[in-house]
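**Student:** upload02.cif is reproduced below (mmCIF, C-alpha atoms).
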data_input
#
loop_
_atom_site.label_atom_id
_atom_site.label_comp_id
_atom_site.auth_asym_id
_atom_site.auth_seq_id
_atom_site.Cartn_x
_atom_site.Cartn_y
_atom_site.Cartn_z
CA MET A 1 22.93 82.61 -123.56
CA ALA A 2 19.16 82.72 -124.17
CA VAL A 3 16.99 83.94 -121.29
CA ILE A 4 13.44 82.65 -121.68
CA SER A 5 10.21 83.98 -120.19
CA TYR A 6 6.99 82.11 -120.96
CA LYS A 7 4.20 84.53 -121.92
CA CYS A 8 0.43 84.13 -122.12
CA PRO A 9 -0.87 84.59 -125.70
CA ASN A 10 -4.07 86.16 -124.35
CA CYS A 11 -2.71 88.96 -122.19
CA GLY A 12 1.08 88.76 -122.28
CA GLY A 13 1.29 87.82 -118.60
CA ASP A 14 3.77 85.34 -117.20
CA LEU A 15 3.00 81.63 -117.42
CA ARG A 16 3.95 79.33 -114.57
CA PHE A 17 3.71 75.57 -114.27
CA ASP A 18 0.87 74.71 -111.87
CA PRO A 19 1.63 71.46 -109.95
CA LYS A 20 -1.99 71.07 -108.86
CA THR A 21 -3.38 70.87 -112.41
CA GLN A 22 -0.15 69.85 -114.18
CA GLN A 23 -0.86 72.67 -116.66
CA TYR A 24 0.43 76.18 -117.33
CA LYS A 25 -1.40 79.07 -115.70
CA CYS A 26 -1.32 82.80 -116.38
CA GLU A 27 -0.89 84.78 -113.18
CA TYR A 28 -2.90 87.72 -114.59
CA CYS A 29 -5.87 86.57 -116.74
CA LEU A 30 -5.90 83.07 -115.14
CA SER A 31 -5.87 81.35 -118.53
CA VAL A 32 -4.78 77.71 -118.44
CA PHE A 33 -2.84 75.88 -121.16
CA GLY A 34 -1.96 72.22 -121.67
CA GLU A 35 1.56 71.17 -122.59
CA GLU A 36 0.98 70.75 -126.32
CA GLU A 37 -1.01 73.97 -126.51
CA MET A 38 1.66 75.85 -124.64
CA GLN A 39 4.47 74.48 -126.80
CA SER A 40 2.70 75.24 -130.08
CA SER A 41 0.96 78.54 -129.43
CA VAL A 42 2.45 80.27 -126.41
CA GLY A 43 4.93 82.95 -127.41
CA LEU A 44 8.37 82.60 -125.94
CA GLU A 45 10.17 85.86 -125.50
CA LYS A 46 13.84 85.11 -125.97
CA GLU A 47 16.68 87.49 -125.68
CA GLN A 48 20.07 86.34 -126.82
CA ASN A 49 22.57 88.05 -124.57
CA THR A 50 25.62 89.43 -126.32
CA ALA A 51 29.13 89.12 -124.95
CA ASP A 52 28.92 92.47 -123.20
CA GLN A 53 25.65 91.48 -121.50
CA GLU A 54 27.05 88.27 -120.02
CA THR A 55 29.89 88.80 -117.58
CA ASP A 56 31.77 86.84 -114.96
CA PHE A 57 31.04 87.74 -111.36
CA GLN A 58 33.60 86.74 -108.75
CA GLY A 59 34.77 83.92 -110.99
CA GLU A 60 31.61 81.80 -110.71
CA ALA A 61 28.38 83.84 -110.76
CA MET A 62 27.03 85.24 -114.01
CA ILE A 63 24.89 88.26 -114.90
CA TYR A 64 22.06 88.14 -117.44
CA THR A 65 19.40 90.54 -118.62
CA CYS A 66 15.74 89.97 -117.71
CA PRO A 67 13.68 89.84 -120.95
CA SER A 68 10.66 91.40 -119.18
CA CYS A 69 12.07 94.50 -117.49
CA GLY A 70 15.69 94.70 -118.61
CA ALA A 71 17.10 94.34 -115.09
CA GLU A 72 20.29 92.37 -114.50
CA ILE A 73 19.86 88.87 -113.08
CA MET A 74 22.77 87.55 -111.07
CA THR A 75 23.14 83.79 -110.68
CA ASP A 76 25.82 81.36 -109.65
CA ALA A 77 27.33 78.82 -112.00
CA THR A 78 24.78 76.06 -111.43
CA THR A 79 21.50 78.04 -111.43
CA ALA A 80 19.28 77.09 -114.38
CA ALA A 81 15.94 78.73 -113.47
CA THR A 82 15.24 81.67 -111.17
CA PHE A 83 13.24 84.90 -110.75
CA CYS A 84 14.00 88.49 -111.60
CA TYR A 85 14.63 90.37 -108.35
CA TYR A 86 12.82 93.46 -109.65
CA CYS A 87 9.76 92.39 -111.67
CA HIS A 88 9.62 88.90 -110.06
CA ASN A 89 9.02 87.25 -113.42
CA PRO A 90 10.23 83.65 -113.69
CA VAL A 91 13.07 83.17 -116.15
CA VAL A 92 14.83 80.08 -117.49
CA LEU A 93 18.50 80.30 -118.45
CA GLN A 94 18.27 78.07 -121.49
CA GLY A 95 21.99 77.72 -122.11
CA ARG A 96 22.45 76.15 -118.68
CA LEU A 97 20.22 73.24 -119.74
CA SER A 98 21.20 72.63 -123.34
CA GLY A 99 23.49 70.26 -125.20
CA ASP A 100 25.05 67.76 -122.81
CA TYR A 101 23.33 69.49 -119.89
CA LEU A 102 19.81 69.03 -121.28
CA PRO A 103 17.92 66.77 -118.82
CA ASP A 104 16.37 63.58 -120.14
CA LYS A 105 13.53 63.51 -117.62
CA VAL A 106 11.85 65.71 -115.05
CA LEU A 107 9.65 64.77 -112.12
CA PRO A 108 7.18 67.68 -111.91
CA PHE A 109 5.99 69.13 -108.62
CA ARG A 110 2.78 67.35 -107.63
CA PHE A 111 1.36 69.96 -105.25
CA ASP A 112 1.50 73.75 -105.33
CA ARG A 113 3.03 76.30 -103.01
CA LYS A 114 -0.19 76.81 -101.03
CA GLU A 115 -0.38 73.14 -100.12
CA ALA A 116 3.35 73.12 -99.34
CA GLU A 117 2.78 76.02 -96.92
CA GLU A 118 -0.06 74.14 -95.20
CA ARG A 119 2.07 71.03 -94.83
CA PHE A 120 4.95 73.11 -93.53
CA LEU A 121 2.76 74.75 -90.86
CA GLN A 122 1.25 71.43 -89.81
CA TYR A 123 4.72 70.00 -89.42
CA VAL A 124 6.26 72.79 -87.36
CA HIS A 125 3.18 73.34 -85.16
CA LYS A 126 3.67 69.80 -83.87
CA LYS A 127 7.10 70.81 -82.57
CA LYS A 128 6.77 72.46 -79.17
CA PHE A 129 10.14 74.18 -78.90
CA ILE A 130 10.40 75.87 -82.31
CA PRO A 131 10.94 79.69 -82.31
CA LYS A 132 7.75 81.55 -83.21
CA ASP A 133 9.37 83.41 -86.07
CA PHE A 134 10.26 80.09 -87.72
CA PHE A 135 6.66 79.68 -88.87
CA SER A 136 5.81 83.37 -89.19
CA LYS A 137 4.41 84.82 -92.41
CA LYS A 138 7.82 86.30 -93.21
CA GLN A 139 9.44 82.89 -92.86
CA ILE A 140 6.80 81.16 -94.97
CA GLU A 141 7.53 83.62 -97.78
CA LYS A 142 10.99 82.05 -98.01
CA LEU A 143 9.47 78.73 -99.11
CA SER A 144 10.81 77.96 -102.58
CA GLY A 145 10.33 75.17 -105.10
CA VAL A 146 13.68 73.91 -106.39
CA TYR A 147 14.54 71.28 -109.00
CA PHE A 148 17.71 69.39 -108.04
CA PRO A 149 19.81 67.49 -110.62
CA TYR A 150 20.20 63.73 -110.29
CA TRP A 151 21.68 60.83 -112.18
CA VAL A 152 19.19 57.95 -112.37
CA CYS A 153 20.22 54.53 -113.65
CA GLU A 154 18.56 51.20 -114.41
CA TYR A 155 20.82 48.13 -114.25
CA THR A 156 20.13 44.71 -115.75
CA VAL A 157 22.45 42.07 -114.31
CA ASP A 158 22.96 38.31 -114.53
CA GLY A 159 23.81 36.69 -111.23
CA ARG A 160 24.83 33.22 -110.13
CA MET A 161 25.38 31.81 -106.65
CA ASP A 162 26.76 28.40 -105.65
CA ALA A 163 26.58 27.34 -102.01
CA LYS A 164 26.50 24.46 -99.55
CA ALA A 165 23.54 24.06 -97.20
CA THR A 166 22.44 21.74 -94.42
CA LYS A 167 19.15 20.66 -92.91
CA ILE A 168 19.17 19.18 -89.42
CA ARG A 169 16.33 17.07 -87.98
CA VAL A 170 16.30 15.77 -84.40
CA TYR A 171 13.90 12.97 -83.47
CA CYS A 172 13.51 10.32 -80.78
CA THR A 173 12.83 6.59 -80.98
CA GLY A 174 12.24 5.04 -77.63
CA ASP A 175 14.92 6.28 -75.28
CA LEU A 176 17.25 7.19 -78.12
CA GLU A 177 17.62 10.65 -79.68
CA TYR A 178 18.80 10.86 -83.27
CA THR A 179 20.19 13.79 -85.23
CA GLU A 180 19.83 13.61 -88.99
CA THR A 181 21.91 15.99 -91.12
CA ARG A 182 21.28 16.38 -94.84
CA TYR A 183 23.69 18.17 -97.17
CA TYR A 184 22.69 20.08 -100.28
CA ASP A 185 24.44 21.71 -103.21
CA ILE A 186 22.58 24.90 -104.10
CA ARG A 187 22.69 26.95 -107.27
CA ARG A 188 20.76 30.12 -107.97
CA GLU A 189 20.79 31.90 -111.33
CA ALA A 190 18.73 34.96 -112.19
CA ARG A 191 18.50 37.99 -114.44
CA MET A 192 17.58 41.01 -112.32
CA THR A 193 16.67 44.59 -113.12
CA PHE A 194 17.23 47.36 -110.58
CA SER A 195 15.49 50.59 -111.57
CA GLY A 196 15.36 53.98 -109.90
CA MET A 197 18.92 53.88 -108.58
CA SER A 198 19.95 57.50 -108.15
CA ALA A 199 22.88 59.72 -107.20
CA GLY A 200 22.97 63.46 -106.63
CA ALA A 201 24.59 65.52 -109.39
CA LEU A 202 25.24 68.71 -107.40
CA THR A 203 28.10 69.54 -105.03
CA LYS A 204 26.23 72.29 -103.14
CA GLU A 205 25.48 71.61 -99.47
CA GLU A 206 21.73 71.80 -100.19
CA ARG A 207 21.94 68.54 -102.17
CA LYS A 208 21.75 66.62 -98.88
CA LEU A 209 18.20 67.89 -98.46
CA ALA A 210 17.07 66.28 -101.70
CA GLU A 211 18.80 63.06 -100.69
CA ASN A 212 17.05 62.93 -97.32
CA VAL A 213 13.51 63.36 -98.67
CA GLN A 214 13.76 60.31 -100.92
CA PRO A 215 12.39 58.01 -102.23
CA TYR A 216 10.74 59.35 -105.36
CA ARG A 217 8.38 57.46 -107.63
CA PHE A 218 10.52 57.51 -110.75
CA SER A 219 7.79 55.83 -112.80
CA GLU A 220 5.99 59.21 -112.86
CA MET A 221 8.83 61.07 -114.59
CA GLU A 222 8.03 63.04 -117.73
CA GLU A 223 10.05 63.93 -120.80
CA PHE A 224 11.86 67.16 -120.02
CA HIS A 225 10.96 70.52 -121.48
CA MET A 226 11.73 74.01 -120.22
CA GLY A 227 8.13 74.85 -119.34
CA TYR A 228 8.24 72.70 -116.21
CA LEU A 229 10.81 75.09 -114.74
CA SER A 230 8.73 78.26 -115.13
CA GLY A 231 7.88 79.54 -111.66
CA PHE A 232 10.53 77.49 -109.87
CA PHE A 233 14.23 77.54 -109.17
CA ALA A 234 16.43 74.91 -110.81
CA GLU A 235 20.02 73.79 -110.46
CA LYS A 236 22.36 72.52 -113.17
CA ARG A 237 24.54 69.52 -112.44
CA ASP A 238 28.23 69.89 -111.67
CA ILE A 239 28.85 66.19 -110.98
CA GLU A 240 29.34 64.02 -114.05
CA ARG A 241 28.19 60.43 -114.49
CA THR A 242 31.75 59.11 -114.40
CA MET A 243 32.10 60.44 -110.86
CA VAL A 244 29.22 58.35 -109.47
CA ARG A 245 29.25 55.31 -111.78
CA ASP A 246 31.59 53.13 -109.71
CA THR A 247 29.50 53.63 -106.56
CA MET A 248 26.22 52.98 -108.40
CA LEU A 249 27.65 49.86 -110.06
CA SER A 250 28.92 48.55 -106.73
CA ASP A 251 25.48 49.07 -105.18
CA ALA A 252 23.76 47.24 -108.06
CA LYS A 253 26.06 44.23 -107.66
CA ARG A 254 25.52 44.24 -103.90
CA TYR A 255 21.73 44.28 -104.34
CA ALA A 256 22.02 41.36 -106.78
CA LYS A 257 24.07 39.28 -104.35
CA GLU A 258 21.65 40.02 -101.52
CA THR A 259 18.70 39.04 -103.71
CA LEU A 260 20.30 35.70 -104.61
CA ARG A 261 21.22 35.03 -100.99
CA ASP A 262 17.71 35.89 -99.72
CA SER A 263 16.18 33.42 -102.19
CA VAL A 264 17.78 30.52 -100.30
CA ARG A 265 15.38 29.56 -97.52
CA GLY A 266 14.42 26.58 -95.40
CA TYR A 267 17.92 25.47 -94.43
CA ASN A 268 19.59 25.49 -91.04
CA ALA A 269 22.86 26.79 -92.44
CA VAL A 270 24.21 28.06 -95.75
CA THR A 271 27.98 28.14 -96.25
CA SER A 272 30.71 28.31 -98.87
CA GLU A 273 28.91 30.88 -100.99
CA GLN A 274 30.44 31.82 -104.33
CA THR A 275 28.61 34.58 -106.18
CA SER A 276 29.28 36.20 -109.53
CA VAL A 277 27.40 39.17 -111.02
CA ASN A 278 27.75 40.47 -114.58
CA VAL A 279 26.18 43.70 -115.76
CA GLU A 280 24.35 43.14 -119.04
CA LYS A 281 22.84 46.60 -119.49
CA GLU A 282 22.83 50.02 -117.85
CA ASN A 283 20.55 52.86 -118.83
CA TRP A 284 21.48 56.33 -117.54
CA GLN A 285 19.27 59.40 -117.44
CA TYR A 286 19.95 62.93 -116.27
CA CYS A 287 16.88 64.06 -114.30
CA LEU A 288 15.53 66.97 -112.25
CA LEU A 289 13.71 66.15 -108.98
CA PRO A 290 11.37 68.52 -107.03
CA VAL A 291 11.98 69.81 -103.49
CA TRP A 292 10.18 72.50 -101.48
CA LEU A 293 12.83 74.28 -99.43
CA VAL A 294 12.89 76.69 -96.45
CA THR A 295 16.01 78.21 -94.91
CA TYR A 296 16.19 79.86 -91.49
CA ARG A 297 19.06 81.82 -89.99
CA GLY A 298 19.19 81.15 -86.27
CA LYS A 299 21.30 82.64 -83.53
CA GLY A 300 24.99 82.53 -84.20
CA LYS A 301 24.18 82.83 -87.92
CA LYS A 302 23.64 79.07 -88.17
CA ILE A 303 21.52 78.11 -91.19
CA PHE A 304 18.70 75.61 -90.65
CA TYR A 305 17.09 73.85 -93.59
CA TYR A 306 13.65 72.35 -94.00
CA ALA A 307 12.96 70.27 -97.08
CA MET A 308 9.87 68.56 -98.47
CA ASN A 309 9.67 66.06 -101.30
CA GLY A 310 7.74 67.86 -104.05
CA GLN A 311 6.10 64.62 -105.14
CA THR A 312 5.35 62.61 -101.97
CA GLY A 313 5.44 65.27 -99.22
CA GLU A 314 8.18 63.46 -97.25
CA VAL A 315 9.94 65.96 -94.95
CA PHE A 316 13.42 66.36 -93.54
CA GLY A 317 15.20 69.10 -91.67
CA GLU A 318 17.19 70.20 -88.67
CA LEU A 319 14.85 72.55 -86.84
CA PRO A 320 15.97 75.37 -84.50
CA VAL A 321 15.20 75.18 -80.78
CA ASP A 322 13.93 78.06 -78.63
CA TYR A 323 15.67 77.45 -75.31
CA ARG A 324 13.51 80.07 -73.61
CA LYS A 325 10.49 77.83 -74.18
CA ILE A 326 12.37 74.94 -72.60
CA ALA A 327 13.29 77.12 -69.63
CA VAL A 328 9.66 78.21 -69.16
CA LEU A 329 8.47 74.59 -69.27
CA PHE A 330 11.18 73.56 -66.82
CA ALA A 331 10.18 76.32 -64.43
CA ALA A 332 6.48 75.48 -64.75
CA VAL A 333 7.15 71.85 -63.83
CA PHE A 334 10.09 72.07 -61.46
CA PHE A 335 8.95 74.77 -59.02
CA PRO A 336 5.47 73.30 -58.25
CA VAL A 337 7.05 69.88 -57.67
CA PHE A 338 9.76 71.48 -55.53
CA LEU A 339 7.15 73.30 -53.42
CA LEU A 340 5.13 70.12 -52.94
CA LEU A 341 8.24 68.30 -51.76
CA LEU A 342 9.01 71.09 -49.33
CA LEU A 343 5.48 71.14 -47.98
CA GLY A 344 5.44 67.36 -47.71
CA GLY A 345 8.71 67.36 -45.83
CA TYR A 346 7.46 70.13 -43.49
CA TRP A 347 4.23 68.34 -42.51
CA LEU A 348 6.07 65.05 -42.00
#
Before anything else, please render the file you have as structure tokens.
**Tutor:**
Amino acid sequence: MAVISYKCPNCGGDLRFDPKTQQYKCEYCLSVFGEEEMQSSVGLEKEQNTADQETDFQGEAMIYTCPSCGAEIMTDATTAATFCYYCHNPVVLQGRLSGDYLPDKVLPFRFDRKEAEERFLQYVHKKKFIPKDFFSKKQIEKLSGVYFPYWVCEYTVDGRMDAKATKIRVYCTGDLEYTETRYYDIRREARMTFSGMSAGALTKEERKLAENVQPYRFSEMEEFHMGYLSGFFAEKRDIERTMVRDTMLSDAKRYAKETLRDSVRGYNAVTSEQTSVNVEKENWQYCLLPVWLVTYRGKGKKIFYYAMNGQTGEVFGELPVDYRKIAVLFAAVFFPVFLLLLLGGYWL
């Protein structure tokens, strides 16, 4: 399996994708390259691992050789991009994202690690009962950019709804009150397109984080190439399209029925609905979506996760609670009030 490290043609330093400029930046000489320039002129150092260099590890993880320093890189079965633990150079495991596993699209990170850190600190500083070490420098260093695999589908459907409806009008003439009821036969027909329907393609527990920071603006997706992964972690899918298709199809039909139903307005009652939906076209794409991720090991070895949408900045996470801070606040409020009540009772 090829292990790729993107190198600067000027100094040989490592190139990383810069979300802020949407270009490729050298960490050493600070040279900047556009996508076409990088693809055509930047040297890619590839090392094809032989059978004795690639070995199973505990049945799932694999070991590869870093093309920069020669150290062994250990990954699990779904890791597609990572860092060398020794020289810290970003590497892309090309074989993990080739053939059927080659993504169609990627949604690049839209802001860099520095901005992600600032947003992280702003978020946690608003929380009064968070442990101090949760937003310490050491904790911030654990902030990582990760691309998660997703199936994204666009459905085109033809829908038809037949229904009965009534309009009721009440009016008075003299001393008499009249109720007028009108009956209508209603038909709605429409061709609808539902784009940006997505389903996670990873079984790892962390996938829930990517799901909870949605939605993404899928219109901003780019054609995939390996360079976007340089400087980030990336996961390879282990959920196939056939495993999520029935659920996605059911959702598309439900959305179509709701759209037809919502188009019927101005009646007092709508009954006897009969709706049919036929799928005319479905367009599937395998995509990678960006998430900034922080993990925190609390007391009792419980793992807390903080996630941020790498495109919109939407956040999600279960944050740890410092119960000592709650106790201090309780004491600061309870005892003064208790003393005032005692004094008030004494003087009365």
**Student:** May I ask for the distance between CA of Met243 (chain A) and CA of Glu282 (chain A), given in Å to one decimal place?
**Tutor:**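 Spanning CA of Met243 (chain A) to CA of Glu282 (chain A) is a straight-line distance of 15.6 Å.
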**Student:** Could you tell me which of A:Pro290, A:Pro149, A:Gly159, A:Gly227 comes closest to Asn278 (chain A) if we count only C-alpha atoms?
**Tutor:**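 Smallest separation from Asn278 (chain A) among the options: A:Gly159.
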**Student:** Work out how far CA of Asn283 (chain A) is from CA of Asp162 (chain A), in Å to one decimal.
**Tutor:**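 Separation between CA of Asp162 (chain A) and CA of Asn283 (chain A): 28.5 Å.
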**Student:** May I ask which of the residues A:Val106, A:Asp158, A:Thr193, A:Arg245 is the closest one to Glu220 (chain A), counting all atoms listed in the file?
**Tutor:**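 With all atoms listed in the file as the atom set, the closest residue is A:Val106.
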**Student:** Starting from the PyMOL selection byres ((chain A and resi 229-237) around 6), expand the selection into actual residues of this file and give them as a list in words.
**Tutor:**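 Output from the PyMOL selection byres ((chain A and resi 229-237) around 6), applied to this file: Arg16, Phe17, Thr78, Thr79, Ala80, Ala81, Thr82, Pro90, Gly145, Val146, Tyr147, Phe148, Pro149, Ala201, Leu202, Met226, Gly227, Tyr228, Asp238 and Ile239 of chain A.
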**Student:** Can I get the selected residues back with C-alpha atoms, as a compact mmCIF listing (two decimals), in the coordinates of the input?
**Tutor:**
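New file part-v6.txt:
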# COMPACT_ATOMS: atom_id res chain seq x y z
CA ARG A 16 3.95 79.33 -114.57
CA PHE A 17 3.71 75.57 -114.27
CA THR A 78 24.78 76.06 -111.43
CA THR A 79 21.50 78.04 -111.43
CA ALA A 80 19.28 77.09 -114.38
CA ALA A 81 15.94 78.73 -113.47
CA THR A 82 15.24 81.67 -111.17
CA PRO A 90 10.23 83.65 -113.69
CA GLY A 145 10.33 75.17 -105.10
CA VAL A 146 13.68 73.91 -106.39
CA TYR A 147 14.54 71.28 -109.00
CA PHE A 148 17.71 69.39 -108.04
CA PRO A 149 19.81 67.49 -110.62
CA ALA A 201 24.59 65.52 -109.39
CA LEU A 202 25.24 68.71 -107.40
CA MET A 226 11.73 74.01 -120.22
CA GLY A 227 8.13 74.85 -119.34
CA TYR A 228 8.24 72.70 -116.21
CA ASP A 238 28.23 69.89 -111.67
CA ILE A 239 28.85 66.19 -110.98
**Student:** Give me the result of the PyMOL selection byres ((chain A and resi 310) around 9) on this file, residue by residue, as a list in words.
**Tutor:**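 When the PyMOL selection byres ((chain A and resi 310) around 9) is applied, the selected residues are Leu107, Pro108, Phe109, Arg110, Phe111, Asp112, Ala116, Gly145, Val146, Leu289, Pro290, Val291, Trp292, Met308, Asn309, Gln311, Thr312, Gly313 and Glu314 of chain A.
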**Student:** Produce a file of the selected residues containing C-alpha atoms, as a PDB file, in the frame of the given file.
**Tutor:**
ATOM      1  CA  LEU A 107       9.650  64.770-112.120  1.00  0.00           C
ATOM      2  CA  PRO A 108       7.180  67.680-111.910  1.00  0.00           C
ATOM      3  CA  PHE A 109       5.990  69.130-108.620  1.00  0.00           C
ATOM      4  CA  ARG A 110       2.780  67.350-107.630  1.00  0.00           C
ATOM      5  CA  PHE A 111       1.360  69.960-105.250  1.00  0.00           C
ATOM      6  CA  ASP A 112       1.500  73.750-105.330  1.00  0.00           C
ATOM      7  CA  ALA A 116       3.350  73.120 -99.340  1.00  0.00           C
ATOM      8  CA  GLY A 145      10.330  75.170-105.100  1.00  0.00           C
ATOM      9  CA  VAL A 146      13.680  73.910-106.390  1.00  0.00           C
ATOM     10  CA  LEU A 289      13.710  66.150-108.980  1.00  0.00           C
ATOM     11  CA  PRO A 290      11.370  68.520-107.030  1.00  0.00           C
ATOM     12  CA  VAL A 291      11.980  69.810-103.490  1.00  0.00           C
ATOM     13  CA  TRP A 292      10.180  72.500-101.480  1.00  0.00           C
ATOM     14  CA  MET A 308       9.870  68.560 -98.470  1.00  0.00           C
ATOM     15  CA  ASN A 309       9.670  66.060-101.300  1.00  0.00           C
ATOM     16  CA  GLN A 311       6.100  64.620-105.140  1.00  0.00           C
ATOM     17  CA  THR A 312       5.350  62.610-101.970  1.00  0.00           C
ATOM     18  CA  GLY A 313       5.440  65.270 -99.220  1.00  0.00           C
ATOM     19  CA  GLU A 314       8.180  63.460 -97.250  1.00  0.00           C
TER      20      GLU A 314
END
**Student:** Of the candidates A:Thr259, A:Cys8, A:Asp246, A:Val294, which shows the shortest atom-to-atom distance to Leu121 (chain A), using all atoms listed in the file?
**Tutor:**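 Using all atoms listed in the file, Leu121 (chain A) sits closest to A:Val294.
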**Student:** With all atoms listed in the file as the basis for distance, which of A:Arg191, A:Tyr150, A:Lys204, A:Gln274 is at the shortest distance from Ala77 (chain A)?
**Tutor:**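 Nearest to Ala77 (chain A): A:Lys204.
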**Student:** Env of Thr295 (chain A): 8 Å cut, atoms = all atoms listed in the file, seq-sep filter 3 positions within chain, self excluded. Answer as an mmCIF file with C-alpha atoms, in the frame of the given file.
**Tutor:**
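Done, and the output landed in part.cif:
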data_model
loop_
_atom_site.group_PDB
_atom_site.id
_atom_site.type_symbol
_atom_site.label_atom_id
_atom_site.label_comp_id
_atom_site.auth_asym_id
_atom_site.auth_seq_id
_atom_site.Cartn_x
_atom_site.Cartn_y
_atom_site.Cartn_z
ATOM 1 C CA LYS A 142 10.990 82.050 -98.010
ATOM 2 C CA LEU A 143 9.470 78.730 -99.110
ATOM 3 C CA ILE A 303 21.520 78.110 -91.190
ATOM 4 C CA PHE A 304 18.700 75.610 -90.650
ATOM 5 C CA TYR A 305 17.090 73.850 -93.590
ATOM 6 C CA TYR A 306 13.650 72.350 -94.000
#
**Student:** Can you tell me, as a list in words, which residues sit within 9 Å of (21.5, 59.9, -118.1) in the file's frame, using only C-alpha atoms?
**Tutor:**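 Those within range, by chain then number, are Pro103, Asp104, Lys105, Tyr150, Trp151, Val152, Cys153, Arg241, Asn283, Trp284, Gln285, Tyr286 and Cys287 of chain A.
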**Student:** Just C-alpha atoms for this one: save the residues we selected as a CSV table (one decimal), in the coordinates of the input.
**Tutor:**
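Ended up saving to result13.csv:
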chain,number,residue,atom,x,y,z
A,103,PRO,CA,17.9,66.8,-118.8
A,104,ASP,CA,16.4,63.6,-120.1
A,105,LYS,CA,13.5,63.5,-117.6
A,150,TYR,CA,20.2,63.7,-110.3
A,151,TRP,CA,21.7,60.8,-112.2
A,152,VAL,CA,19.2,58.0,-112.4
A,153,CYS,CA,20.2,54.5,-113.6
A,241,ARG,CA,28.2,60.4,-114.5
A,283,ASN,CA,20.6,52.9,-118.8
A,284,TRP,CA,21.5,56.3,-117.5
A,285,GLN,CA,19.3,59.4,-117.4
A,286,TYR,CA,20.0,62.9,-116.3
A,287,CYS,CA,16.9,64.1,-114.3
**Student:** Return as JSON the centre and edge lengths, in Å with one decimal, of the box along x, y and z that encloses every atom of region 252-255 of chain A in the file, padded by 8 Å per side.
**Tutor:**
{"center_x": 23.9, "center_y": 45.7, "center_z": -106.0, "size_x": 20.3, "size_y": 19.0, "size_z": 20.2}
**Student:** Name the closest residue to Arg265 (chain A) among the candidates A:Lys114, A:His225, A:Lys167, A:Lys128; distances are taken between atoms, counting only C-alpha atoms.
**Tutor:**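 Using only C-alpha atoms, the shortest distance to Arg265 (chain A) belongs to A:Lys167.
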**Student:** Here's the selection I'm unsure about, the PyMOL selection byres ((chain A and resi 270) around 7); applied to the file above, which residues does it give, as number ranges by chain?
**Tutor:** A: 163-166, 267, 269, 271
**Student:** Can you pull out every residue within 10 Å of Thr181 (chain A), counting only C-alpha atoms, but drop anything in the same chain fewer than 2 positions away, and send it as a ChimeraX atom specification?
**Tutor:** /A:166-170,178-179,183,268
**Student:** Could you dump the residues just selected with C-alpha atoms as a PDB file, in the coordinates of the input?
**Tutor:**
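Produced file again-v7.pdb, reproduced below:
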ATOM      1  CA  THR A 166      22.440  21.740 -94.420  1.00  0.00           C
ATOM      2  CA  LYS A 167      19.150  20.660 -92.910  1.00  0.00           C
ATOM      3  CA  ILE A 168      19.170  19.180 -89.420  1.00  0.00           C
ATOM      4  CA  ARG A 169      16.330  17.070 -87.980  1.00  0.00           C
ATOM      5  CA  VAL A 170      16.300  15.770 -84.400  1.00  0.00           C
ATOM      6  CA  TYR A 178      18.800  10.860 -83.270  1.00  0.00           C
ATOM      7  CA  THR A 179      20.190  13.790 -85.230  1.00  0.00           C
ATOM      8  CA  TYR A 183      23.690  18.170 -97.170  1.00  0.00           C
ATOM      9  CA  ASN A 268      19.590  25.490 -91.040  1.00  0.00           C
TER      10      ASN A 268
END
